[in-house]
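Okay, run02.cif now, which holds mmCIF, C-alpha atoms:
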```cif
data_upload
loop_
_atom_site.label_atom_id
_atom_site.label_comp_id
_atom_site.auth_asym_id
_atom_site.auth_seq_id
_atom_site.Cartn_x
_atom_site.Cartn_y
_atom_site.Cartn_z
CA MET D 1 79.93 147.18 85.23
CA THR D 2 82.71 145.15 86.90
CA GLU D 3 86.13 146.74 86.84
CA LEU D 4 89.05 144.40 87.43
CA VAL D 5 92.48 145.57 88.57
CA TYR D 6 95.61 143.85 87.24
CA GLU D 7 99.05 144.61 88.63
CA GLN D 8 102.47 143.93 87.15
CA PRO D 9 105.64 144.38 89.27
CA LEU D 10 108.61 145.81 87.41
CA ASN D 11 111.29 144.63 89.82
CA GLU D 12 111.89 141.50 91.88
CA LYS D 13 111.38 143.24 95.22
CA ILE D 14 107.83 144.37 94.42
CA ARG D 15 107.15 140.93 92.95
CA SER D 16 108.03 139.38 96.32
CA TYR D 17 106.00 141.97 98.21
CA LEU D 18 102.91 141.25 96.10
CA ARG D 19 103.22 137.50 96.67
CA LEU D 20 103.45 138.03 100.42
CA GLU D 21 100.51 140.44 100.35
CA TYR D 22 98.46 137.85 98.45
CA LEU D 23 99.20 135.25 101.12
CA ASP D 24 98.38 137.75 103.86
CA LYS D 25 94.93 138.34 102.35
CA GLN D 26 94.31 134.59 102.32
CA LEU D 27 95.38 134.33 105.95
CA GLN D 28 92.97 137.08 106.95
CA SER D 29 90.17 135.39 105.00
CA ASN D 30 90.82 132.19 106.92
CA LEU D 31 90.46 134.10 110.17
CA SER D 32 86.99 135.23 109.13
CA HIS D 33 85.61 131.95 107.81
CA ASP D 34 86.17 128.29 108.57
CA HIS D 35 87.88 126.95 105.46
CA GLN D 36 88.80 123.64 107.12
CA HIS D 37 92.17 122.24 106.03
CA ARG D 38 92.51 124.77 103.19
CA CYS D 39 93.59 127.37 105.73
CA PHE D 40 97.01 125.69 105.95
CA TYR D 41 98.00 126.25 102.32
CA PRO D 42 98.74 129.99 102.60
CA LEU D 43 100.33 129.45 106.01
CA PHE D 44 102.74 126.81 104.67
CA SER D 45 103.46 128.89 101.55
CA LEU D 46 104.40 131.77 103.80
CA CYS D 47 106.63 129.47 105.87
CA GLU D 48 108.43 128.32 102.74
CA LEU D 49 108.95 131.82 101.34
CA SER D 50 110.26 133.21 104.62
CA GLU D 51 112.67 130.27 104.98
CA ARG D 52 113.91 130.70 101.42
CA CYS D 53 114.58 134.44 101.68
CA ASP D 54 115.16 136.87 104.54
CA TYR D 55 113.24 140.00 103.56
CA ARG D 56 114.20 141.96 106.68
CA ASN D 57 117.06 144.08 105.28
CA GLU D 58 115.16 145.00 102.11
CA ILE D 59 112.10 146.02 104.11
CA LEU D 60 114.17 148.09 106.55
CA LYS D 61 115.80 149.94 103.63
CA ASP D 62 112.39 150.68 102.13
CA ILE D 63 111.05 151.90 105.48
CA GLU D 64 113.99 154.30 105.86
CA ARG D 65 113.51 155.56 102.31
CA HIS D 66 109.81 156.20 102.80
CA LEU D 67 110.33 157.84 106.20
CA LEU D 68 112.83 160.22 104.61
CA GLN D 69 110.34 161.10 101.85
CA LEU D 70 107.44 161.49 104.29
CA ASN D 71 109.47 163.85 106.47
CA LYS D 72 110.19 165.96 103.39
CA TRP D 73 106.49 166.04 102.53
CA GLN D 74 105.74 167.07 106.10
CA GLU D 75 107.50 170.37 105.41
CA LEU D 76 105.09 171.26 102.57
CA ASP D 77 102.23 173.56 103.47
CA SER D 78 99.85 171.77 101.07
CA ALA D 79 100.54 168.31 102.53
CA ASP D 80 98.04 166.29 104.53
CA HIS D 81 100.04 166.41 107.76
CA GLN D 82 97.65 164.20 109.70
CA GLN D 83 97.83 161.38 107.15
CA ILE D 84 101.61 161.72 106.89
CA ASN D 85 101.93 161.41 110.67
CA ILE D 86 99.83 158.24 110.59
CA TYR D 87 102.22 156.69 108.06
CA ILE D 88 105.32 157.87 109.93
CA ASN D 89 104.10 156.38 113.21
CA ALA D 90 103.03 153.11 111.56
CA LEU D 91 106.35 152.70 109.73
CA THR D 92 108.36 153.58 112.83
CA GLN D 93 106.48 150.99 114.86
CA ALA D 94 106.91 148.39 112.10
CA ARG D 95 110.65 149.12 112.02
CA GLU D 96 110.91 148.42 115.74
CA HIS D 97 109.20 145.04 115.36
CA LEU D 98 111.67 144.11 112.63
CA GLN D 99 114.63 144.52 114.96
CA LYS D 100 114.05 141.13 116.59
CA PRO D 101 116.80 138.72 115.49
CA GLU D 102 114.77 135.53 115.00
CA ARG D 103 113.64 134.54 111.51
CA PHE D 104 109.96 134.98 110.71
CA GLY D 105 107.97 131.87 111.56
CA SER D 106 110.99 130.02 112.92
CA GLN D 107 109.13 129.10 116.11
CA LEU D 108 106.55 127.18 114.08
CA LYS D 109 109.26 124.61 113.33
CA GLN D 110 109.06 123.62 116.98
CA ASP D 111 105.32 122.99 116.73
CA ARG D 112 104.98 119.23 116.25
CA PHE D 113 101.44 119.49 114.88
CA ILE D 114 102.40 122.08 112.25
CA SER D 115 105.60 120.23 111.33
CA ALA D 116 103.72 116.96 110.78
CA LEU D 117 101.18 118.66 108.54
CA ARG D 118 103.83 120.45 106.45
CA GLN D 119 105.57 117.16 105.67
CA ARG D 120 102.40 115.67 104.20
CA PHE D 121 100.54 118.61 102.67
CA GLY D 122 102.49 118.61 99.43
CA MET D 123 101.32 115.11 98.60
CA PRO D 124 98.13 114.77 96.49
CA GLY D 125 95.19 113.66 98.59
CA ALA D 126 97.32 113.44 101.74
CA CYS D 127 94.73 115.11 103.98
CA CYS D 128 92.77 111.91 104.53
CA ASN D 129 92.13 111.09 108.16
CA PHE D 130 94.23 107.91 107.98
CA ASP D 131 97.23 109.97 106.79
CA LEU D 132 96.80 112.79 109.29
CA PRO D 133 94.60 111.74 112.21
CA GLN D 134 95.86 114.76 114.17
CA LEU D 135 94.43 117.04 111.46
CA HIS D 136 91.12 115.15 111.60
CA PHE D 137 91.04 115.77 115.35
CA TRP D 138 91.90 119.49 114.98
CA LEU D 139 89.21 120.01 112.34
CA SER D 140 86.61 118.65 114.76
CA LYS D 141 87.33 121.43 117.25
CA PRO D 142 84.85 124.33 117.62
CA TRP D 143 85.52 127.17 115.18
CA GLU D 144 86.42 129.55 118.03
CA GLU D 145 89.25 127.27 119.16
CA LYS D 146 90.58 126.78 115.64
CA GLN D 147 90.40 130.51 115.05
CA GLN D 148 92.45 131.12 118.18
CA ASP D 149 95.08 128.59 117.08
CA TYR D 150 95.25 130.08 113.59
CA ARG D 151 95.60 133.60 114.96
CA ALA D 152 98.53 132.46 117.10
CA TRP D 153 100.26 130.82 114.11
CA ILE D 154 100.01 133.79 111.77
CA ALA D 155 101.07 136.20 114.53
CA HIS D 156 104.64 134.96 113.93
CA PHE D 157 104.54 136.64 110.51
CA GLU D 158 102.93 139.95 111.46
CA PRO D 159 106.31 141.76 111.78
CA LEU D 160 106.89 140.82 108.12
CA LEU D 161 103.42 141.33 106.68
CA THR D 162 102.48 144.60 108.42
CA PRO D 163 105.30 146.73 106.90
CA ILE D 164 104.80 145.15 103.47
CA ALA D 165 101.14 146.21 103.52
CA LEU D 166 102.21 149.76 104.42
CA LEU D 167 104.95 149.89 101.79
CA LEU D 168 102.65 148.65 99.01
CA GLN D 169 99.99 151.11 100.09
CA LEU D 170 102.52 153.95 99.79
CA THR D 171 103.76 152.62 96.43
CA ARG D 172 100.25 152.49 94.99
CA SER D 173 99.53 156.00 96.27
CA THR D 174 102.30 157.48 94.10
CA ALA D 175 100.09 157.42 91.00
CA HIS D 176 96.45 158.01 90.12
CA TYR D 177 94.56 156.25 87.35
CA ASP D 178 94.50 158.00 83.97
CA ASN D 179 92.39 157.18 80.92
CA ALA D 180 94.21 155.19 78.25
CA ILE D 181 93.39 153.40 75.00
CA ALA D 182 95.00 150.24 73.69
CA HIS D 183 94.71 150.55 69.91
CA ALA D 184 94.26 147.14 68.32
CA GLY D 185 94.65 145.69 71.78
CA PHE D 186 98.16 147.06 72.34
CA TYR D 187 99.56 149.83 74.53
CA GLN D 188 103.16 150.81 75.18
CA GLY D 189 104.44 153.29 77.74
CA ASP D 190 107.74 154.58 79.07
CA SER D 191 108.97 156.72 81.92
CA ALA D 192 112.09 158.72 82.65
CA GLN D 193 111.51 157.86 86.31
CA ALA D 194 112.14 154.31 87.47
CA LEU D 195 108.81 152.55 87.93
CA ALA D 196 108.00 149.79 90.41
CA LEU D 197 104.46 148.79 89.53
CA VAL D 198 101.98 149.06 86.65
CA ARG D 199 98.29 148.93 87.50
CA VAL D 200 95.57 148.38 84.88
CA LYS D 201 91.87 148.74 85.59
CA VAL D 202 89.62 147.41 82.85
CA ASP D 203 85.90 146.70 82.52
CA ALA D 204 85.24 142.95 82.42
CA ALA D 205 82.57 143.62 79.80
CA HIS D 206 85.36 143.98 77.25
CA GLY D 207 85.80 140.21 77.54
CA CYS D 208 89.58 140.45 77.68
CA TYR D 209 92.45 140.62 80.13
CA PRO D 210 95.85 142.34 79.93
CA THR D 211 99.23 140.66 79.79
CA ILE D 212 101.85 143.13 80.96
CA SER D 213 105.61 143.01 80.48
CA GLY D 214 108.45 145.46 80.88
CA HIS D 215 111.12 146.87 83.14
CA LYS D 216 111.57 149.99 85.24
CA ASN D 217 111.53 152.45 82.33
CA ARG D 218 109.33 150.81 79.70
CA PHE D 219 106.32 148.51 79.61
CA ALA D 220 103.90 146.99 77.13
CA ILE D 221 100.30 145.85 77.56
CA HIS D 222 98.63 143.28 75.29
CA PHE D 223 94.92 142.62 75.71
CA VAL D 224 93.87 139.02 75.14
CA GLN D 225 90.33 137.86 74.37
CA PHE D 226 89.40 135.37 77.05
CA GLU D 227 87.01 133.25 74.98
CA HIS D 228 89.42 132.75 72.08
CA GLN D 229 92.70 133.09 74.05
CA ARG D 230 94.22 135.26 71.38
CA HIS D 231 95.34 138.86 71.02
CA SER D 232 92.45 141.31 70.69
CA ASP D 233 92.29 143.44 67.53
CA ARG D 234 89.83 145.92 69.06
CA SER D 235 90.56 149.24 70.75
CA ILE D 236 90.24 148.84 74.52
CA ASP D 237 89.52 151.71 76.91
CA PHE D 238 91.13 151.23 80.30
CA LEU D 239 92.60 153.06 83.27
CA LEU D 240 96.34 153.08 83.86
CA ALA D 241 98.48 153.94 86.90
CA THR D 242 102.28 153.77 86.86
CA CYS D 243 103.72 153.71 90.37
CA ALA D 244 107.30 154.65 91.28
#
```
Written as structure tokens, that's how I'd like the structure from this file.
Amino acid sequence: MTELVYEQPLNEKIRSYLRLEYLDKQLQSNLSHDHQHRCFYPLFSLCELSERCDYRNEILKDIERHLLQLNKWQELDSADHQQINIYINALTQAREHLQKPERFGSQLKQDRFISALRQRFGMPGACCNFDLPQLHFWLSKPWEEKQQDYRAWIAHFEPLLTPIALLLQLTRSTAHYDNAIAHAGFYQGDSAQALALVRVKVDAAHGCYPTISGHKNRFAIHFVQFEHQRHSDRSIDFLLATCA
């Protein structure tokens, strides 16, 4: 049995966080394996997103909000004080790294090799060696050297990506999975509390995937048959978590 997890953000902030987390996972994968020129796609996507929007203030507000909540939980006798302290220390350290004034990844603009690649990468088939001989040279380096270069490039974004990973981890921890049934492939839910994220875990054996829509207080889930690309008329058992 293969259970797949689908997530739907219910506000723009969480939507941005999930995109950045997705890119972070690709960056880490490229540190583990030599993906040749493909390693630059998540790096350049991250450069573009961080240039388009400064996430610093939003992240700092979220860190303060979570630190306030964690300190309240620390006063409860039933709380896991050791785990709470780990989160408090990690968030406090992440907050300190966010205090630096420079924009994330701004120093990469001064890197002539990276700048040359960014200008060409959006063009179809532009990674040929006659278009980018400097890339052809870099790809011929030993993997250990390329890995060291790549680690240095993504280090510019660690002050951004580290707190986002912590904040999403805390957001997901606000809700456990409960059993749910989508009758005739449809499920609708609501909440008096403002929600940030809907998580659906479903067995791939059902042969369908969920499309999720909604806002902070209400959401709807439609299950679509993959083979026929149409709404399922069967009842689907799945697991549901609604995170605040």
Carefully work through the PyMOL selection byres ((chain D and resi 196-199) around 7) for this structure and note down the residues it includes, as a list in words.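 Matching residues under the PyMOL selection byres ((chain D and resi 196-199) around 7) are Val5, Tyr6, Glu7, Gln8, Pro9, Leu10, Asn11, Ile14, Ala194, Leu195, Val200, Lys201, Lys216, Leu240, Ala241, Thr242, Cys243 and Ala244 of chain D.
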List the spatial neighbours of range 64-71 of chain D as a list in words - criterion: any atom at most 12 Å away, only C-alpha atoms, same-chain residues fewer than 6 positions off excluded.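 The filter keeps Asn57, Glu58, Ala79, Asp80, His81, Gln82, Gln83, Ile84, Asn85, Ile86, Tyr87, Ile88, Asn89, Ala90, Leu91, Thr92, Gln93, Ala94, Arg95, Glu96, Pro163, Leu166, Leu167, Leu168, Gln169, Leu170, Thr171, Thr174 and Ala244 of chain D.
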Take the residues that were just selected and, keeping C-alpha atoms, output them as a PDB file, in the frame of the given file.
```pdb
ATOM      1  CA  ASN D  57     117.060 144.080 105.280  1.00  0.00           C
ATOM      2  CA  GLU D  58     115.160 145.000 102.110  1.00  0.00           C
ATOM      3  CA  ALA D  79     100.540 168.310 102.530  1.00  0.00           C
ATOM      4  CA  ASP D  80      98.040 166.290 104.530  1.00  0.00           C
ATOM      5  CA  HIS D  81     100.040 166.410 107.760  1.00  0.00           C
ATOM      6  CA  GLN D  82      97.650 164.200 109.700  1.00  0.00           C
ATOM      7  CA  GLN D  83      97.830 161.380 107.150  1.00  0.00           C
ATOM      8  CA  ILE D  84     101.610 161.720 106.890  1.00  0.00           C
ATOM      9  CA  ASN D  85     101.930 161.410 110.670  1.00  0.00           C
ATOM     10  CA  ILE D  86      99.830 158.240 110.590  1.00  0.00           C
ATOM     11  CA  TYR D  87     102.220 156.690 108.060  1.00  0.00           C
ATOM     12  CA  ILE D  88     105.320 157.870 109.930  1.00  0.00           C
ATOM     13  CA  ASN D  89     104.100 156.380 113.210  1.00  0.00           C
ATOM     14  CA  ALA D  90     103.030 153.110 111.560  1.00  0.00           C
ATOM     15  CA  LEU D  91     106.350 152.700 109.730  1.00  0.00           C
ATOM     16  CA  THR D  92     108.360 153.580 112.830  1.00  0.00           C
ATOM     17  CA  GLN D  93     106.480 150.990 114.860  1.00  0.00           C
ATOM     18  CA  ALA D  94     106.910 148.390 112.100  1.00  0.00           C
ATOM     19  CA  ARG D  95     110.650 149.120 112.020  1.00  0.00           C
ATOM     20  CA  GLU D  96     110.910 148.420 115.740  1.00  0.00           C
ATOM     21  CA  PRO D 163     105.300 146.730 106.900  1.00  0.00           C
ATOM     22  CA  LEU D 166     102.210 149.760 104.420  1.00  0.00           C
ATOM     23  CA  LEU D 167     104.950 149.890 101.790  1.00  0.00           C
ATOM     24  CA  LEU D 168     102.650 148.650  99.010  1.00  0.00           C
ATOM     25  CA  GLN D 169      99.990 151.110 100.090  1.00  0.00           C
ATOM     26  CA  LEU D 170     102.520 153.950  99.790  1.00  0.00           C
ATOM     27  CA  THR D 171     103.760 152.620  96.430  1.00  0.00           C
ATOM     28  CA  THR D 174     102.300 157.480  94.100  1.00  0.00           C
ATOM     29  CA  ALA D 244     107.300 154.650  91.280  1.00  0.00           C
TER      30      ALA D 244
END
```
Starting from the displayed file, determine the output of the PyMOL selection byres ((chain D and resi 31) around 12) and express the residue list as a ChimeraX atom specification. /D:24-30,32-36,38-40,42-43,143-155
CA of Gln193 in chain D to CA of Gly214 in chain D: how many Å, to one decimal?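 According to the coordinates, CA of Gln193 in chain D and CA of Gly214 in chain D are separated by 13.9 Å.
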Which value, in Å to one decimal, gives the distance between CA of His183 in chain D and CA of Thr2 in chain D? 21.5 Å
Can you measure CA of Ala205 in chain D to CA of Gln225 in chain D for me? One decimal in Å is fine.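 Interatomic distance here is 11.1 Å.
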At a cut-off of 9 Å, using only C-alpha atoms, what residues contact Arg103 in chain D? Leave out same-chain residues fewer than 6 positions from it and give the result as a list in words. Ser50, Glu51, Asp54 and Arg56 of chain D
Point out the residue among D:Val224, D:Ala204, D:Asp233, D:Pro210 with the least atom-to-atom distance to Ala184 in chain D, counting all atoms listed in the file.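 Distance minimum relative to Ala184 in chain D lands on D:Asp233.
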Nearest to Tyr187 in chain D: which of D:Leu20, D:Ala220, D:Ile236, D:Leu108 is it, counting all atoms listed in the file?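 Using all atoms listed in the file, Tyr187 in chain D sits closest to D:Ala220.
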When distances are computed from only C-alpha atoms, which of D:Ser173, D:Gln119, D:Thr162, D:Ser232 shows the smallest separation from Glu48 in chain D?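 Distance minimum relative to Glu48 in chain D lands on D:Gln119.
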Of the listed residues D:Arg112, D:Ser140, D:Ser235, D:His156, that which approaches Lys100 in chain D most closely, counting all atoms listed in the file: D:His156
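Residue nearest Thr211 in chain D within the list D:Gln110, D:Phe186, D:Leu4, D:His228: D:Phe186 [criterion: smallest interatomic distance, only C-alpha atoms].
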Determine the nearest neighbour of Cys208 in chain D from the options D:Pro133, D:Gly125, D:Gly185, D:Pro142, counting only C-alpha atoms. D:Gly185
List the residues selected by the PyMOL selection byres ((chain D and resi 178) around 8) in the file shown, writing them as a list in words.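 Applying the expression gives His176, Tyr177, Asn179, Ala180, Leu239, Leu240 and Ala241 of chain D.
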